[in-house]
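Participant: This is the structure, below, for whatever I ask next.
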Amino acid sequence: MSKVLVFTFLLVLGLPQHGSCFSFRRLFQLAIPSPYSPLLGTYMSNEDTAAWLKTYASRCSHVSKLNSFGRSAGGAELLALEISSTPGQRTSKPELKYVANIHGDEPSGRQLLLALAEKICTEYSSNSLVKKLVDNLHLFLIPTINPDGFRMRRRENLASVDLNRNFPDPLRRPKLRPGARPGKEAGEPQPEVQALMDFTLQHRFVASLAFHEGALVANYPMDGYPDGSYSSRGIKQPSPDDASFMYMANMYARRHKTMAASKEFKGGITNGAQWYPLYGGMQDWNYLVAGCMELTLELNDNKWPKPNRLAEMWLENEQALLEWPLAVGLGGFHGSVHAIGPANELLPVAAIVAVHGVPHNTSTSPDGVFHRFLAPGKYSVAVIAPGYATQTADIIVPEDGVTGVTTNFTLSRTGESKLRAPASAASVASVSQPDGTLRAVSPQMGISRTRASSGFLASNQKALAFVGLQVLVIGTFIAWRKRRTGTSFRSVLC
């Protein structure tokens, strides 16, 4: 009899994950207790969530560190759980983040991220995929950015502001109207938004996922149009990294159990503006200002799914939540930029890494390392730094989309003090960061209130300060900015 039960168990686990077989398989899986099952049967309160995170950081300190990065309008603590084999250490590993509950009435991401954290802690020593994720990345989980909205079970925060319309918009920068109250969409960022912007700019995130509800789709930039239009219908507004964003969105949709089979969205993905335009959103700000490639995930057709739906949603997303950050963090183009110092030692160089035909650039970290997600294919790249001769290289990002390519550069000094980008490597603004490095961002936006410090590399201080004032806008970026298209404005969903 026991042999029959074992055979049946293995048979069910091996069934295809589609149609009625998938439903039966899911029911069978849901009946199997796991360490994270208690997290998927209810929506925990803000207080219980904070207490759970603090306990987790203590019992799983070998793979985690809890960061407090601000408070909500109502005074609730905003927490980010770092997952890594080197938690709390600034290393050259790629950094990624998951952000949930930006809309208070879209809470499923809160519990999914807690379940993900529990799986990582429980299976770090036994699951090779989990171990690879923890050993090779810094993954930051932010279960809620709108705890007050969650508590009140409404979309907006305590000040009645939609936080996903409150980011300084790189495409359409609104001015504070006379008499407008600070904190409204036309005014200053809300405390939650400001805290998240500051936290983001203190790191060098390669990519990010934002969790929402109201549909089932992976949404990628751009979310709006250069002219601020709401009126046109169904017109795509691609970003400079459109091919890579589409590939990135497809990677999540294909790893999700049902998303790619969507009848509404081909392949389970959509361009944000083509679906419906929005302005002041987190997704476009992350990309154009912070250099972080973010997707907006709609994980359920209905907002605030019933608690008994959470376990099923976990099974739908589990594979994608584990594999997507590895594919994005380790795929694409990686490397380092150094120069030979006075004693023939290698010194890190603050440089911009430009890709031919993609008018949006990447910059190095304080240790000269860069990570740039690119879809598989052939590219010509240029490494540009003040006082150094520009270096170029041809690279091939592997077709598997997950292993990436690594190229290290050693620059030679020149007599020039200007930063010049070749016509083939269109550039955007270079802004000095608090860690003393440069970040290539959109010239249309400032970078929140994070203050730049004096942490520049000593050997490049004057040159880097000069570069920080440069705005290099090449023709392809101008053409992209001048495109005048639009689409219809649907009821807000994300």
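Labeling convention for the structure tokens: chains A, B, ... as they appear, residues from 1 per chain, ligands from 1 in order of appearance.
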Just the strand (DSSP E) stuff from region 139-172 of chain A, please, per backbone DSSP, written as number ranges by chain.

Facilitator: A: 139-142

Participant: May I have the selected residues written with C-alpha atoms, as a CSV table (one decimal), in the first residue's frame?

Facilitator:
chain,number,residue,atom,x,y,z
A,139,LEU,CA,18.1,40.9,-3.0
A,140,PHE,CA,16.1,43.5,-1.0
A,141,LEU,CA,12.5,42.6,-0.1
A,142,ILE,CA,10.2,45.5,0.8

Participant: Using only C-alpha atoms, find the one residue out of A:Val337, A:Ile120, A:Ala382, A:Leu196 that sits nearest to Gly357 (chain A).

Facilitator: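 Using only C-alpha atoms, Gly357 (chain A) sits closest to A:Ala382.
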
Participant: Per DSSP on the backbone, what are the alpha helix (DSSP H) residues of region 184-428 of chain A, as a ChimeraX atom specification?

Facilitator: /A:191-201,242-255,272-275,282-288,310-330

Participant: I'd like the contact shell of region 243-257 of chain A - 9 Å cut-off, only C-alpha atoms, skipping same-chain residues fewer than 2 positions apart - returned as number ranges by chain.

Facilitator: A: 17-18, 22, 217-221, 238-241, 259-261, 267-271, 293-295, 315-321, 323-324, 327-328, 373-376, 401

Participant: Report as a list in words all protein, DNA and RNA residues lying within 10 Å of region 300-302 of chain A, evaluated on only C-alpha atoms, omitting residues in the same chain fewer than 6 positions from it.

Facilitator: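 The contact residues come out as Glu106, Ser108, Phe211, His212, Glu213, Gly214, Ala215, Leu216, Val217, Met259, Arg309, Met313 and Leu493 of chain A.
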
Participant: Grab the residues selected above and save them as a CSV table (one decimal), in the first residue's frame with N, CA and C atoms.

Facilitator:
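Below you can see selection15.csv, which holds the result:
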chain,number,residue,atom,x,y,z
A,106,GLU,N,-3.8,46.6,-2.5
A,106,GLU,CA,-3.3,45.5,-3.3
A,106,GLU,C,-2.2,44.8,-2.5
A,108,SER,N,-1.3,41.4,-1.8
A,108,SER,CA,-0.8,40.0,-1.9
A,108,SER,C,0.7,39.9,-1.9
A,211,PHE,N,5.0,44.9,-7.1
A,211,PHE,CA,3.8,44.0,-7.1
A,211,PHE,C,2.5,44.7,-6.9
A,212,HIS,N,1.6,44.4,-7.9
A,212,HIS,CA,0.3,45.1,-7.9
A,212,HIS,C,-0.8,44.0,-8.1
A,213,GLU,N,-2.1,44.4,-8.1
A,213,GLU,CA,-3.2,43.6,-8.5
A,213,GLU,C,-4.2,44.4,-9.3
A,214,GLY,N,-5.0,43.7,-10.1
A,214,GLY,CA,-6.0,44.3,-10.9
A,214,GLY,C,-6.0,43.7,-12.3
A,215,ALA,N,-5.0,42.9,-12.6
A,215,ALA,CA,-4.8,42.2,-13.9
A,215,ALA,C,-3.8,41.1,-13.7
A,216,LEU,N,-3.5,40.4,-14.8
A,216,LEU,CA,-2.4,39.4,-14.8
A,216,LEU,C,-1.5,39.7,-15.9
A,217,VAL,N,-0.4,40.4,-15.7
A,217,VAL,CA,0.5,40.8,-16.8
A,217,VAL,C,1.8,41.4,-16.2
A,259,MET,N,0.7,33.3,-16.5
A,259,MET,CA,0.7,34.7,-17.1
A,259,MET,C,0.9,34.7,-18.6
A,309,ARG,N,-6.6,32.4,-1.4
A,309,ARG,CA,-6.0,32.4,-2.8
A,309,ARG,C,-4.5,32.6,-2.7
A,313,MET,N,-1.5,31.6,-5.3
A,313,MET,CA,-0.6,32.6,-6.0
A,313,MET,C,0.8,32.3,-5.7
A,493,LEU,N,-5.2,51.1,-12.6
A,493,LEU,CA,-5.1,49.7,-12.1
A,493,LEU,C,-3.8,49.5,-11.4

Participant: For Ala385 (chain A), find every residue with an atom within 8 Å (counting only C-alpha atoms), except residues of its own chain fewer than 4 positions away, and show them as a list in words.

Facilitator: Val349, Ala350, Ala351, Ile352, Ala389, Thr390 and Leu419 of chain A

Participant: Give me a file of those residues, with C-alpha atoms, as a PDB file, in the first residue's frame.

Facilitator:
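Written out: again.pdb:
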ATOM      1  CA  VAL A 349      37.717  54.281 -12.263  1.00  0.00           C
ATOM      2  CA  ALA A 350      34.354  56.057 -12.212  1.00  0.00           C
ATOM      3  CA  ALA A 351      33.191  55.596 -15.784  1.00  0.00           C
ATOM      4  CA  ILE A 352      30.133  55.438 -17.992  1.00  0.00           C
ATOM      5  CA  ALA A 389      41.104  57.265 -23.568  1.00  0.00           C
ATOM      6  CA  THR A 390      37.723  55.765 -24.474  1.00  0.00           C
ATOM      7  CA  LEU A 419      34.153  63.413 -21.231  1.00  0.00           C
TER       8      LEU A 419
END

Participant: State, in Å with one decimal place, the distance from CA of Ser208 (chain A) to CA of Pro143 (chain A).

Facilitator: 13.2 Å

Participant: Identify which of the residues A:Met282, A:Val383, A:Val369, A:Leu116 lies closest to Leu322 (chain A), counting only C-alpha atoms when measuring atom-to-atom distances.

Facilitator: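 Looking only at the distances to Leu322 (chain A), the closest residue turns out to be A:Leu116.
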
Participant: I need the residue nearest Pro191 (chain A) from this list: A:Asp242, A:Glu345, A:Glu264, A:Asp148. Use only C-alpha atoms for the distance.

Facilitator: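 Closest to Pro191 (chain A) of all the choices is A:Asp148.
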
Participant: With distances taken over only C-alpha atoms, which of A:Asn286, A:Ser85, A:Asn361, A:Thr410 is nearest to Asn344 (chain A)?

Facilitator: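 Checking each candidate against Asn344 (chain A), we get A:Thr410 as the closest.
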